[in-house]
file final-v4.txt (compact mmCIF, C-alpha atoms)
# COMPACT_ATOMS: atom_id res chain seq x y z
CA MET A 1 -22.93 52.06 14.78
CA PHE A 2 -26.20 51.13 16.48
CA TRP A 3 -28.21 53.92 14.89
CA ASP A 4 -28.45 53.50 11.13
CA LYS A 5 -30.26 56.56 9.78
CA LYS A 6 -30.59 54.83 6.42
CA MET A 7 -33.14 52.46 7.94
CA GLU A 8 -35.47 55.39 8.56
CA THR A 9 -35.36 56.62 4.97
CA LEU A 10 -35.33 53.38 2.95
CA LYS A 11 -37.76 53.59 0.07
CA SER A 12 -40.56 51.02 0.13
CA LYS A 13 -39.07 49.05 -2.76
CA ASP A 14 -35.63 48.93 -1.17
CA LEU A 15 -37.06 47.92 2.19
CA GLU A 16 -39.06 45.08 0.62
CA ALA A 17 -35.91 43.85 -1.16
CA LEU A 18 -34.02 43.88 2.15
CA GLN A 19 -36.85 42.06 3.93
CA LEU A 20 -37.02 39.39 1.21
CA LYS A 21 -33.26 38.86 1.31
CA ARG A 22 -33.33 38.44 5.07
CA LEU A 23 -36.44 36.23 4.93
CA LYS A 24 -34.69 33.84 2.55
CA LYS A 25 -31.68 33.73 4.85
CA THR A 26 -34.00 32.95 7.77
CA LEU A 27 -35.67 30.15 5.79
CA ARG A 28 -32.28 28.57 5.19
CA ALA A 29 -31.47 28.85 8.89
CA VAL A 30 -34.67 27.18 10.12
CA GLN A 31 -33.82 24.06 8.12
CA GLU A 32 -31.57 23.25 11.08
CA ILE A 33 -34.70 22.96 13.27
CA GLY A 34 -36.56 19.65 13.13
CA PHE A 35 -39.96 21.25 13.68
CA TYR A 36 -39.64 23.36 10.53
CA ARG A 37 -38.20 20.56 8.41
CA ASP A 38 -41.25 18.46 9.31
CA GLN A 39 -43.71 21.34 8.83
CA PHE A 40 -42.30 22.30 5.44
CA ALA A 41 -42.25 18.68 4.25
CA ARG A 42 -45.83 18.15 5.39
CA ALA A 43 -46.96 21.31 3.57
CA GLY A 44 -44.94 20.44 0.47
CA ILE A 45 -43.07 23.75 0.45
CA SER A 46 -39.46 24.88 0.57
CA GLY A 47 -37.62 28.14 0.93
CA SER A 48 -36.89 28.16 -2.80
CA LYS A 49 -40.63 28.61 -3.49
CA ILE A 50 -40.69 31.93 -1.65
CA LYS A 51 -40.19 34.49 -4.43
CA SER A 52 -41.91 37.49 -2.84
CA LEU A 53 -43.00 38.74 0.57
CA ASP A 54 -46.59 37.76 -0.23
CA ASP A 55 -45.45 34.16 -0.55
CA VAL A 56 -44.91 34.11 3.23
CA GLU A 57 -48.59 33.13 3.50
CA LYS A 58 -47.63 29.73 2.11
CA LEU A 59 -45.54 29.07 5.21
CA PRO A 60 -46.96 27.46 8.39
CA PHE A 61 -47.55 29.39 11.59
CA THR A 62 -45.49 28.84 14.71
CA LYS A 63 -47.35 28.86 18.04
CA LYS A 64 -46.19 29.21 21.61
CA GLN A 65 -47.17 25.60 22.32
CA ASP A 66 -44.81 24.50 19.55
CA LEU A 67 -41.95 26.19 21.40
CA ARG A 68 -42.97 24.56 24.68
CA ASP A 69 -43.12 21.18 22.95
CA GLY A 70 -39.55 21.77 21.78
CA TYR A 71 -38.30 22.28 25.36
CA PRO A 72 -35.51 22.88 26.08
CA PHE A 73 -33.35 23.36 22.96
CA GLY A 74 -35.51 22.04 20.12
CA PHE A 75 -35.76 25.43 18.38
CA PHE A 76 -32.07 26.30 18.40
CA ALA A 77 -30.65 26.59 14.89
CA VAL A 78 -26.99 26.66 16.00
CA PRO A 79 -24.89 24.32 18.16
CA LEU A 80 -25.21 24.88 21.89
CA LYS A 81 -21.58 26.01 22.08
CA GLN A 82 -22.58 29.10 20.06
CA ILE A 83 -25.35 29.99 22.55
CA VAL A 84 -23.90 32.54 24.97
CA ARG A 85 -27.10 33.28 26.91
CA ILE A 86 -30.43 31.63 27.69
CA HIS A 87 -33.63 33.34 28.84
CA THR A 88 -37.04 31.84 29.54
CA THR A 89 -40.49 33.34 29.42
CA SER A 90 -42.33 34.37 32.57
CA GLY A 91 -45.92 34.02 33.68
CA THR A 92 -46.74 30.72 31.97
CA THR A 93 -47.85 27.35 33.30
CA GLY A 94 -45.99 24.12 32.68
CA LYS A 95 -42.67 24.19 30.84
CA PRO A 96 -41.38 27.68 30.01
CA THR A 97 -40.37 28.82 26.56
CA VAL A 98 -36.59 28.74 26.26
CA VAL A 99 -34.90 31.45 24.19
CA GLY A 100 -31.25 31.33 23.16
CA TYR A 101 -28.88 34.04 21.91
CA THR A 102 -25.61 34.04 20.03
CA ARG A 103 -23.10 36.78 20.70
CA ASN A 104 -24.29 38.54 17.54
CA ASP A 105 -27.93 38.20 18.67
CA LEU A 106 -27.15 40.06 21.89
CA ASP A 107 -25.50 42.87 19.95
CA THR A 108 -28.43 43.08 17.51
CA TRP A 109 -30.90 43.16 20.40
CA ALA A 110 -28.97 45.91 22.19
CA ASN A 111 -28.93 47.89 18.92
CA LEU A 112 -32.72 47.66 18.63
CA ILE A 113 -33.16 48.92 22.20
CA ALA A 114 -30.69 51.72 21.49
CA ARG A 115 -32.67 52.73 18.39
CA ASN A 116 -35.81 52.99 20.48
CA MET A 117 -34.25 55.00 23.26
CA THR A 118 -32.48 57.44 20.95
CA MET A 119 -35.73 57.84 19.02
CA ILE A 120 -37.29 59.42 22.13
CA GLY A 121 -34.28 61.58 22.87
CA GLY A 122 -32.16 59.39 25.13
CA THR A 123 -28.49 60.40 25.23
CA GLU A 124 -25.29 59.80 27.17
CA ASN A 125 -26.36 62.62 29.47
CA ASP A 126 -29.27 60.57 30.84
CA ILE A 127 -29.33 58.58 34.08
CA PHE A 128 -31.44 55.48 33.54
CA GLN A 129 -33.03 53.45 36.36
CA ASN A 130 -34.15 50.00 35.21
CA MET A 131 -36.85 48.80 37.61
CA VAL A 132 -37.68 45.39 36.13
CA ASN A 133 -36.63 41.83 36.90
CA TYR A 134 -33.02 40.96 36.05
CA GLY A 135 -33.53 37.19 36.14
CA MET A 136 -34.74 34.99 33.31
CA PHE A 137 -37.16 37.74 32.22
CA THR A 138 -35.74 39.53 29.16
CA GLY A 139 -36.84 43.04 30.14
CA GLY A 140 -34.02 43.77 32.55
CA LEU A 141 -30.88 42.85 30.62
CA GLY A 142 -32.37 43.90 27.27
CA PHE A 143 -32.82 47.52 28.30
CA HIS A 144 -29.63 47.46 30.36
CA TYR A 145 -27.34 46.75 27.41
CA GLY A 146 -29.25 48.99 25.02
CA ALA A 147 -28.97 51.93 27.41
CA GLU A 148 -25.26 51.28 27.96
CA LYS A 149 -24.71 51.21 24.19
CA ILE A 150 -26.04 54.78 24.03
CA GLY A 151 -23.77 55.76 26.90
CA MET A 152 -26.47 56.30 29.52
CA THR A 153 -25.56 55.93 33.17
CA VAL A 154 -27.45 52.75 34.08
CA ILE A 155 -28.80 51.94 37.55
CA PRO A 156 -29.81 48.23 37.61
CA SER A 157 -32.18 48.62 40.55
CA ALA A 158 -34.42 45.70 39.48
CA THR A 159 -37.74 45.28 41.35
CA GLY A 160 -38.87 45.72 44.92
CA ASN A 161 -38.05 48.02 47.83
CA THR A 162 -40.04 50.89 46.36
CA ARG A 163 -38.97 53.45 48.94
CA ARG A 164 -35.34 52.74 48.14
CA GLN A 165 -36.13 53.06 44.43
CA ILE A 166 -37.53 56.52 45.08
CA GLU A 167 -34.50 57.51 47.14
CA MET A 168 -32.21 56.48 44.26
CA ILE A 169 -34.24 58.52 41.77
CA ARG A 170 -33.90 61.54 44.06
CA ASP A 171 -30.26 61.07 45.13
CA PHE A 172 -28.85 60.06 41.72
CA GLY A 173 -30.85 62.58 39.69
CA VAL A 174 -32.47 59.88 37.55
CA THR A 175 -33.96 61.23 34.31
CA THR A 176 -35.39 58.06 32.75
CA ILE A 177 -37.14 55.06 34.28
CA HIS A 178 -38.28 51.72 32.87
CA CYS A 179 -40.85 49.46 34.55
CA THR A 180 -44.32 48.03 34.10
CA PRO A 181 -47.11 50.64 34.10
CA SER A 182 -48.72 48.99 37.13
CA TYR A 183 -45.47 49.28 39.11
CA ALA A 184 -45.10 52.89 37.97
CA MET A 185 -48.53 53.57 39.42
CA HIS A 186 -47.46 51.99 42.72
CA LEU A 187 -44.23 54.00 42.61
CA SER A 188 -46.22 57.21 42.24
CA GLU A 189 -48.41 56.32 45.23
CA VAL A 190 -45.41 55.64 47.46
CA ALA A 191 -43.69 58.84 46.27
CA GLU A 192 -46.82 60.75 47.23
CA GLU A 193 -46.79 59.14 50.69
CA MET A 194 -43.11 60.14 51.06
CA HIS A 195 -43.87 63.69 49.84
CA GLU A 196 -41.29 63.25 47.04
CA ASP A 197 -41.76 65.25 43.81
CA LEU A 198 -38.87 63.61 41.88
CA PRO A 199 -38.13 66.70 39.78
CA SER A 200 -35.23 65.12 37.84
CA LEU A 201 -37.53 62.64 36.08
CA LYS A 202 -38.43 63.46 32.49
CA THR A 203 -39.03 60.15 30.66
CA GLY A 204 -40.95 57.01 31.59
CA ILE A 205 -40.74 53.83 29.50
CA PHE A 206 -43.51 51.39 30.36
CA GLY A 207 -44.28 47.98 28.91
CA ALA A 208 -44.76 44.21 29.46
CA GLU A 209 -48.54 44.64 29.88
CA PRO A 210 -51.32 46.52 28.07
CA TRP A 211 -52.13 49.96 29.45
CA SER A 212 -54.50 52.69 28.41
CA ASP A 213 -54.11 56.34 27.45
CA ASN A 214 -55.95 57.21 30.64
CA MET A 215 -53.22 55.47 32.62
CA ARG A 216 -50.63 57.33 30.54
CA HIS A 217 -52.13 60.67 31.54
CA THR A 218 -52.33 59.60 35.19
CA LEU A 219 -48.69 58.49 35.27
CA GLU A 220 -47.55 61.67 33.57
CA ASP A 221 -49.45 63.80 36.05
CA ARG A 222 -48.22 61.89 39.10
CA LEU A 223 -44.58 61.34 38.08
CA GLY A 224 -43.95 64.38 35.90
CA VAL A 225 -42.69 62.27 32.98
CA THR A 226 -43.45 61.90 29.31
CA ALA A 227 -44.65 58.29 29.07
CA TYR A 228 -43.75 55.98 26.18
CA ASP A 229 -45.12 52.55 25.36
CA SER A 230 -42.66 49.70 24.77
CA TYR A 231 -43.58 46.38 23.18
CA GLY A 232 -41.58 43.20 23.06
CA MET A 233 -41.69 39.46 23.48
CA SER A 234 -38.98 37.06 24.58
CA GLU A 235 -39.44 34.89 21.51
CA LEU A 236 -38.66 37.92 19.31
CA PHE A 237 -35.50 38.87 21.33
CA GLY A 238 -37.38 40.56 24.18
CA PRO A 239 -38.26 44.26 24.56
CA GLY A 240 -37.36 46.51 21.65
CA VAL A 241 -39.60 45.01 18.97
CA ALA A 242 -41.80 48.12 18.73
CA PHE A 243 -41.79 51.47 20.46
CA GLU A 244 -43.50 54.84 20.45
CA CYS A 245 -41.79 57.81 18.84
CA PRO A 246 -42.32 61.37 20.18
CA GLU A 247 -45.65 61.49 18.31
CA ARG A 248 -46.93 58.80 20.71
CA ASN A 249 -49.64 57.63 18.36
CA GLY A 250 -48.83 54.01 17.58
CA LEU A 251 -45.74 51.83 17.89
CA HIS A 252 -42.93 51.74 15.35
CA ILE A 253 -41.78 48.22 14.55
CA TRP A 254 -38.37 47.97 12.92
CA HIS A 255 -39.28 46.63 9.49
CA ASP A 256 -35.69 45.83 8.56
CA SER A 257 -35.65 43.35 11.46
CA TYR A 258 -39.22 42.03 11.55
CA LEU A 259 -41.79 41.01 8.93
CA VAL A 260 -45.27 41.83 10.24
CA GLU A 261 -48.70 40.40 9.43
CA ILE A 262 -52.12 40.87 11.03
CA ILE A 263 -54.43 37.85 10.83
CA ASN A 264 -57.93 36.84 11.84
CA PRO A 265 -57.12 34.76 14.94
CA LYS A 266 -59.90 32.28 14.18
CA THR A 267 -59.32 31.69 10.46
CA GLY A 268 -55.66 32.61 9.98
CA GLU A 269 -56.64 34.87 7.07
CA ARG A 270 -54.40 37.87 6.55
CA LEU A 271 -56.09 41.21 7.24
CA SER A 272 -55.54 44.57 5.56
CA ASP A 273 -54.07 47.70 7.11
CA GLY A 274 -56.61 49.27 9.44
CA GLU A 275 -58.19 45.93 10.40
CA ARG A 276 -57.62 44.75 13.96
CA GLY A 277 -56.48 41.18 14.56
CA GLU A 278 -53.64 39.04 15.89
CA LEU A 279 -50.06 40.13 15.36
CA VAL A 280 -47.88 37.59 13.53
CA VAL A 281 -44.14 38.29 13.32
CA THR A 282 -41.26 36.69 11.44
CA PRO A 283 -37.98 37.94 12.90
CA LEU A 284 -35.45 38.53 10.12
CA VAL A 285 -32.15 38.95 12.00
CA LYS A 286 -32.05 36.20 14.62
CA GLU A 287 -29.30 33.57 14.56
CA ALA A 288 -29.81 31.26 17.54
CA MET A 289 -33.58 30.92 17.35
CA PRO A 290 -35.10 32.06 14.05
CA LEU A 291 -38.88 31.73 13.84
CA ILE A 292 -41.38 31.69 10.99
CA ARG A 293 -44.76 33.44 11.27
CA TYR A 294 -44.84 33.46 15.06
CA ARG A 295 -48.36 34.01 16.42
CA THR A 296 -47.88 36.46 19.26
CA GLY A 297 -51.47 36.36 20.53
CA ASP A 298 -51.40 40.16 20.79
CA VAL A 299 -54.28 42.12 19.29
CA THR A 300 -53.44 45.20 17.20
CA MET A 301 -53.51 46.50 13.63
CA VAL A 302 -51.17 48.10 11.12
CA MET A 303 -52.20 51.75 10.99
CA GLU A 304 -53.11 52.91 7.49
CA ASP A 305 -51.23 56.19 7.57
CA GLY A 306 -47.52 56.73 8.11
CA CYS A 307 -46.06 58.87 10.85
CA LEU A 308 -45.06 62.52 10.95
CA CYS A 309 -41.66 61.40 12.19
CA GLY A 310 -41.00 59.69 8.84
CA ARG A 311 -40.34 56.20 10.15
CA GLY A 312 -43.14 54.54 8.19
CA LYS A 313 -46.13 52.44 9.16
CA LYS A 314 -46.89 51.75 12.79
CA LEU A 315 -48.79 49.28 14.93
CA ALA A 316 -51.74 50.54 16.94
CA ARG A 317 -51.30 50.24 20.68
CA LEU A 318 -52.16 46.74 21.83
CA THR A 319 -55.67 46.26 23.21
CA GLY A 320 -55.06 42.89 24.82
CA ARG A 321 -54.24 39.35 23.88
CA SER A 322 -56.34 37.02 21.77
CA ASP A 323 -55.38 34.09 23.96
CA ASP A 324 -56.27 35.66 27.32
CA MET A 325 -59.34 37.47 26.10
CA LEU A 326 -62.23 36.83 28.46
CA ILE A 327 -65.47 35.48 27.07
CA ILE A 328 -68.26 36.34 29.51
CA ARG A 329 -71.72 35.14 28.51
CA GLY A 330 -70.65 35.21 24.88
CA ILE A 331 -69.15 38.72 25.02
CA ASN A 332 -65.43 39.30 24.40
CA VAL A 333 -63.81 41.37 27.16
CA PHE A 334 -60.21 42.52 27.56
CA PRO A 335 -58.92 43.56 31.01
CA SER A 336 -57.56 46.73 29.37
CA GLN A 337 -61.16 47.76 28.57
CA ILE A 338 -62.05 47.50 32.26
CA GLU A 339 -58.99 49.54 33.20
CA HIS A 340 -59.90 52.20 30.63
CA VAL A 341 -63.36 52.59 32.18
CA LEU A 342 -62.15 52.75 35.78
CA LEU A 343 -59.40 55.28 35.11
CA ARG A 344 -61.88 57.81 33.77
CA ILE A 345 -63.98 57.66 36.96
CA PRO A 346 -62.43 60.05 39.52
CA GLU A 347 -64.32 58.53 42.46
CA VAL A 348 -62.32 55.29 42.26
CA GLY A 349 -58.59 54.60 42.34
CA ASN A 350 -56.16 53.00 39.91
CA GLN A 351 -56.05 49.50 41.39
CA PHE A 352 -58.57 46.80 40.56
CA MET A 353 -59.05 43.03 40.45
CA VAL A 354 -61.42 41.01 38.28
CA TYR A 355 -62.92 37.67 39.35
CA ILE A 356 -64.78 35.38 36.96
CA ASP A 357 -67.10 32.72 38.41
CA ARG A 358 -69.71 30.35 37.03
CA ILE A 359 -72.85 30.51 39.13
CA ASN A 360 -75.90 28.40 38.25
CA HIS A 361 -74.27 27.70 34.86
CA LEU A 362 -73.91 31.40 34.09
CA ASP A 363 -70.68 33.41 33.92
CA GLU A 364 -70.51 36.20 36.47
CA MET A 365 -67.85 38.93 36.62
CA THR A 366 -66.97 40.77 39.82
CA VAL A 367 -64.77 43.85 39.75
CA GLU A 368 -63.11 44.99 42.97
CA VAL A 369 -61.81 48.54 42.79
CA GLU A 370 -60.33 50.83 45.40
CA ILE A 371 -62.36 53.88 46.30
CA ASN A 372 -60.71 57.28 46.01
CA ARG A 373 -61.02 58.61 49.54
CA SER A 374 -60.76 62.22 48.39
CA HIS A 375 -64.06 61.79 46.54
CA PHE A 376 -65.88 60.08 49.43
CA SER A 377 -67.57 62.03 52.19
CA GLY A 378 -68.02 59.01 54.46
CA GLU A 379 -71.75 58.74 53.84
CA LEU A 380 -73.11 55.32 52.84
CA ALA A 381 -75.34 57.03 50.30
CA ASP A 382 -72.21 58.29 48.55
CA LEU A 383 -70.79 54.77 48.37
CA ALA A 384 -73.98 53.51 46.77
CA LYS A 385 -73.92 56.37 44.27
CA ILE A 386 -70.29 55.66 43.30
CA GLN A 387 -70.94 51.93 42.98
CA LYS A 388 -73.95 52.58 40.75
CA LYS A 389 -71.86 54.89 38.55
CA VAL A 390 -69.10 52.30 38.10
CA VAL A 391 -71.63 49.59 37.24
CA LYS A 392 -73.24 51.82 34.63
CA GLU A 393 -69.93 52.88 33.04
CA LEU A 394 -68.78 49.26 32.77
CA HIS A 395 -72.11 48.19 31.29
CA ASP A 396 -72.08 50.99 28.73
CA THR A 397 -68.61 50.01 27.54
CA LEU A 398 -68.70 46.22 27.84
CA GLU A 399 -72.43 45.70 27.25
CA LEU A 400 -72.21 43.30 30.16
CA ARG A 401 -73.69 43.21 33.64
CA THR A 402 -71.03 43.20 36.35
CA THR A 403 -70.90 43.14 40.13
CA VAL A 404 -68.81 45.98 41.56
CA LYS A 405 -67.27 45.96 45.03
CA LEU A 406 -65.66 49.11 46.42
CA VAL A 407 -62.73 48.40 48.74
CA GLU A 408 -60.42 50.46 50.95
CA PRO A 409 -57.49 52.33 49.36
CA GLY A 410 -54.31 50.26 49.51
CA SER A 411 -56.15 46.98 50.13
CA LEU A 412 -55.65 45.41 46.69
CA PRO A 413 -52.35 43.74 45.70
CA ARG A 414 -49.58 45.72 44.03
CA PHE A 415 -47.38 44.11 41.40
CA GLU A 416 -43.66 44.64 40.77
CA GLY A 417 -43.74 42.64 37.53
CA LYS A 418 -46.60 42.02 35.16
CA ALA A 419 -49.91 42.76 36.85
CA LYS A 420 -52.18 39.73 37.34
CA ARG A 421 -55.51 41.47 37.60
CA VAL A 422 -57.81 38.66 36.43
CA ILE A 423 -58.59 35.49 38.37
CA ASP A 424 -60.77 33.12 36.37
CA ARG A 425 -62.31 30.63 38.80
CA ARG A 426 -64.66 28.93 36.34
CA SER A 427 -62.41 25.89 35.99
CA ASP A 428 -62.60 25.40 39.77
CA MET A 429 -66.39 25.18 39.76
call {"tool": "encode", "arguments": {"input": "final-v4.txt", "output": "structure tokens"}}
result
Amino acid sequence: MFWDKKMETLKSKDLEALQLKRLKKTLRAVQEIGFYRDQFARAGISGSKIKSLDDVEKLPFTKKQDLRDGYPFGFFAVPLKQIVRIHTTSGTTGKPTVVGYTRNDLDTWANLIARNMTMIGGTENDIFQNMVNYGMFTGGLGFHYGAEKIGMTVIPSATGNTRRQIEMIRDFGVTTIHCTPSYAMHLSEVAEEMHEDLPSLKTGIFGAEPWSDNMRHTLEDRLGVTAYDSYGMSELFGPGVAFECPERNGLHIWHDSYLVEIINPKTGERLSDGERGELVVTPLVKEAMPLIRYRTGDVTMVMEDGCLCGRGKKLARLTGRSDDMLIIRGINVFPSQIEHVLLRIPEVGNQFMVYIDRINHLDEMTVEVEINRSHFSGELADLAKIQKKVVKELHDTLELRTTVKLVEPGSLPRFEGKAKRVIDRRSDM
């Protein structure tokens, strides 16, 4: 049974006991991994010294570079003959991160996805179109098997051929879609060009990149869906780690399957609930590739209050990543902040690109954004007025001077996978 109602109602004491039991099992499992044997020996610790959940702070962190250094199979805790599937991460330079799964891992992962989708009302009566990559990226197959476990009718449409995607939504009566928010925005633009209303749609699941509440409202208006945020990471199975419930105010992480910490990314110090920092996760139910205190690089916080739905503490929606945060003239900037500003300005569109250059030893940021033709009369004076408004709004939010270039609608790149909106050219100078 993929949906265990008991997990929603576990008392805090019982949940902590379950987490500790599973943590100790994970610590025994990682002894099969050379990296952890060396790390534990160097720190003078062992699994037997972990008596409480607070003791997890005694354990070393695991970083993405550690996984790359272990390429290809250095972090597998079981023999290769027990690995029934391999995925790799996307969007990185150099060697990818390799992730392995046992048969039981795949079933556990599908269960987590099924939990998330039933939490937002998904049933066997839904028709689910999965518009993400079905290759080495975990997003496609992860949602595919979770949706099938519920009994949904699954359409594995993958990415690309947007007009055909829209035809399938219309012809098959699709009720639920899954894709990146940037592709959903492109989908809505093409549907508008095709004069398609897509009335069967009711639910949109969007993830793999940070997106703002302003984008949520835009997608809901344009596609007629209720939009839910999905968070995951290949190293932690893939999608399904955390998900919005119908309250849509923070992401539920399944505490029976993951032990969560928030740390100061510079010092490694653990932060309290309500303090924003880097998300650190210890998965508690992985067989092939158990990890200890994995630094995700994602910036969030544990929200202080519970949830009206009764599922316990949540993570705040992610505001960006600590490791791709931009530092412009000493100011920290996340691309999601720029998006948030632009989406509240009706005179410009939803597509933008950011370029970072170093000119005369100073960092300069240029934002290209498509103009919204419906708010432009054709007068040059109007263009100047819109440009000035965008510059001011960005400065007020970022406390940073930027150059803004208005470009023609449809002229900026569209992305089927994760949007790559920032090009940092400082290293080329």
call {"tool": "residues_around", "arguments": {"input": "final-v4.txt", "residues": "Glu370 in chain A", "least_positions_apart": "4", "cutoff": "7 Å", "atoms": "all atoms listed in the file", "output": "list in words"}}
result
Val348, Gly349, Gln351, Phe352, Leu406, Val407, Glu408 and Pro409 of chain A
call {"tool": "closest_residue", "arguments": {"input": "final-v4.txt", "among": "A:His87, A:His195, A:Lys314, A:Arg115", "to": "Thr138 in chain A", "atoms": "only C-alpha atoms"}}
result
A:His87
call {"tool": "closest_residue", "arguments": {"input": "final-v4.txt", "among": "A:Gly139, A:Gly160, A:Gly274, A:Pro79", "to": "Val302 in chain A", "atoms": "only C-alpha atoms"}}
result
A:Gly274
call {"tool": "atom_distance", "arguments": {"input": "final-v4.txt", "atom1": "CA of Leu187 in chain A", "atom2": "CA of Arg164 in chain A"}}
result
10.5 Å
call {"tool": "atom_distance", "arguments": {"input": "final-v4.txt", "atom1": "CA of Val78 in chain A", "atom2": "CA of Glu235 in chain A"}}
result
15.9 Å
call {"tool": "residues_around", "arguments": {"input": "final-v4.txt", "residues": "Lys63 in chain A", "least_positions_apart": "6", "cutoff": "8 Å", "atoms": "all atoms listed in the file", "output": "list in words"}}
result
Tyr294, Arg295 and Thr296 of chain A
call {"tool": "closest_residue", "arguments": {"input": "final-v4.txt", "among": "A:Val154, A:Ala419, A:Val299, A:Val354", "to": "Met131 in chain A", "atoms": "all atoms listed in the file"}}
result
A:Val154
call {"tool": "axis_aligned_box", "arguments": {"input": "final-v4.txt", "around": "range 301-320 of chain A", "padding_each_side": "6 Å", "output": "AutoDock Vina command-line options"}}
result
--center_x -48.0 --center_y 52.7 --center_z 16.2 --size_x 27.3 --size_y 31.6 --size_z 29.3
call {"tool": "residues_near_point", "arguments": {"input": "final-v4.txt", "point": "(-56.1, 32.1, 11.4)", "cutoff": "12 Å", "atoms": "all atoms listed in the file", "output": "list of chain:residue names"}}
result
A:Glu57, A:Pro60, A:Phe61, A:Thr62, A:Lys63, A:Glu261, A:Ile262, A:Ile263, A:Asn264, A:Pro265, A:Lys266, A:Thr267, A:Gly268, A:Glu269, A:Arg270, A:Leu271, A:Gly277, A:Glu278, A:Leu279, A:Val280, A:Arg293, A:Tyr294, A:Arg295, A:Gly297, A:Ser322
call {"tool": "closest_residue", "arguments": {"input": "final-v4.txt", "among": "A:Gly320, A:Gly34, A:Gly250, A:Pro239", "to": "Met303 in chain A", "atoms": "all atoms listed in the file"}}
result
A:Gly250
call {"tool": "residues_around", "arguments": {"input": "final-v4.txt", "residues": "Asp105 in chain A", "least_positions_apart": "6", "cutoff": "9 Å", "atoms": "all atoms listed in the file", "output": "MDAnalysis selection string"}}
result
chainID A and resid 237 285:288
call {"tool": "closest_atom_pairs", "arguments": {"input": "final-v4.txt", "of": "range 31-144 of chain A", "to": "range 212-234 of chain A", "cutoff": "12 Å", "atoms": "all atoms listed in the file", "output": "Markdown table"}}
result
| residue | atom | partner | partner_atom | distance |
| --- | --- | --- | --- | --- |
| A:Lys64 | CA | A:Ser234 | CA | 11.1 |
| A:Leu67 | CA | A:Ser234 | CA | 11.7 |
| A:Ile86 | CA | A:Ser234 | CA | 10.6 |
| A:His87 | CA | A:Ser234 | CA | 7.8 |
| A:Thr88 | CA | A:Ser234 | CA | 7.5 |
| A:Thr89 | CA | A:Ser234 | CA | 6.3 |
| A:Ser90 | CA | A:Ser234 | CA | 9.1 |
| A:Gly91 | CA | A:Ser234 | CA | 11.8 |
| A:Pro96 | CA | A:Ser234 | CA | 11.1 |
| A:Thr97 | CA | A:Ser234 | CA | 8.6 |
| A:Val98 | CA | A:Ser234 | CA | 8.8 |
| A:Val99 | CA | A:Ser234 | CA | 6.9 |
| A:Gly100 | CA | A:Ser234 | CA | 9.7 |
| A:Tyr101 | CA | A:Ser234 | CA | 10.9 |
| A:Trp109 | CA | A:Ser234 | CA | 11.0 |
| A:Leu112 | CA | A:Gly232 | CA | 10.9 |
| A:Ile113 | CA | A:Ser230 | CA | 9.9 |
| A:Asn116 | CA | A:Ser230 | CA | 8.7 |
| A:Met117 | CA | A:Tyr228 | CA | 10.0 |
| A:Met119 | CA | A:Tyr228 | CA | 10.9 |
| A:Ile120 | CA | A:Tyr228 | CA | 8.4 |
| A:Gly121 | CA | A:Thr226 | CA | 11.2 |
| A:Met136 | CA | A:Ser234 | CA | 9.9 |
| A:Phe137 | CA | A:Ser234 | CA | 7.9 |
| A:Thr138 | CA | A:Ser234 | CA | 6.1 |
| A:Gly139 | CA | A:Ser234 | CA | 8.4 |
| A:Gly140 | CA | A:Ser234 | CA | 11.5 |
| A:Leu141 | CA | A:Ser234 | CA | 11.6 |
| A:Gly142 | CA | A:Ser234 | CA | 9.9 |
| A:Phe143 | CA | A:Ser230 | CA | 10.7 |
call {"tool": "atom_distance", "arguments": {"input": "final-v4.txt", "atom1": "CA of Ser52 in chain A", "atom2": "CA of Asp273 in chain A"}}
result
18.7 Å
call {"tool": "build_atoms", "arguments": {"input": "final-v4.txt", "residues": "range 332-340 of chain A", "atoms": "N, CA and C atoms", "output": "PDB file, keeping the file's coordinate frame"}}
result
ATOM      1  N   ASN A 332     -66.884  39.220  24.286  1.00  0.00           N
ATOM      2  CA  ASN A 332     -65.430  39.300  24.400  1.00  0.00           C
ATOM      3  C   ASN A 332     -65.047  40.521  25.241  1.00  0.00           C
ATOM      4  N   VAL A 333     -64.220  40.293  26.253  1.00  0.00           N
ATOM      5  CA  VAL A 333     -63.810  41.370  27.160  1.00  0.00           C
ATOM      6  C   VAL A 333     -62.303  41.292  27.367  1.00  0.00           C
ATOM      7  N   PHE A 334     -61.624  42.435  27.236  1.00  0.00           N
ATOM      8  CA  PHE A 334     -60.210  42.520  27.560  1.00  0.00           C
ATOM      9  C   PHE A 334     -60.058  43.280  28.876  1.00  0.00           C
ATOM     10  N   PRO A 335     -59.161  42.820  29.754  1.00  0.00           N
ATOM     11  CA  PRO A 335     -58.920  43.560  31.010  1.00  0.00           C
ATOM     12  C   PRO A 335     -58.584  45.027  30.769  1.00  0.00           C
ATOM     13  N   SER A 336     -57.919  45.333  29.649  1.00  0.00           N
ATOM     14  CA  SER A 336     -57.560  46.730  29.370  1.00  0.00           C
ATOM     15  C   SER A 336     -58.803  47.595  29.180  1.00  0.00           C
ATOM     16  N   GLN A 337     -59.910  46.996  28.701  1.00  0.00           N
ATOM     17  CA  GLN A 337     -61.160  47.760  28.570  1.00  0.00           C
ATOM     18  C   GLN A 337     -61.674  48.153  29.952  1.00  0.00           C
ATOM     19  N   ILE A 338     -61.592  47.224  30.898  1.00  0.00           N
ATOM     20  CA  ILE A 338     -62.050  47.500  32.260  1.00  0.00           C
ATOM     21  C   ILE A 338     -61.205  48.616  32.867  1.00  0.00           C
ATOM     22  N   GLU A 339     -59.883  48.507  32.685  1.00  0.00           N
ATOM     23  CA  GLU A 339     -58.990  49.540  33.200  1.00  0.00           C
ATOM     24  C   GLU A 339     -59.336  50.908  32.614  1.00  0.00           C
ATOM     25  N   HIS A 340     -59.591  50.942  31.312  1.00  0.00           N
ATOM     26  CA  HIS A 340     -59.900  52.200  30.630  1.00  0.00           C
ATOM     27  C   HIS A 340     -61.120  52.863  31.258  1.00  0.00           C
TER      28      HIS A 340
END
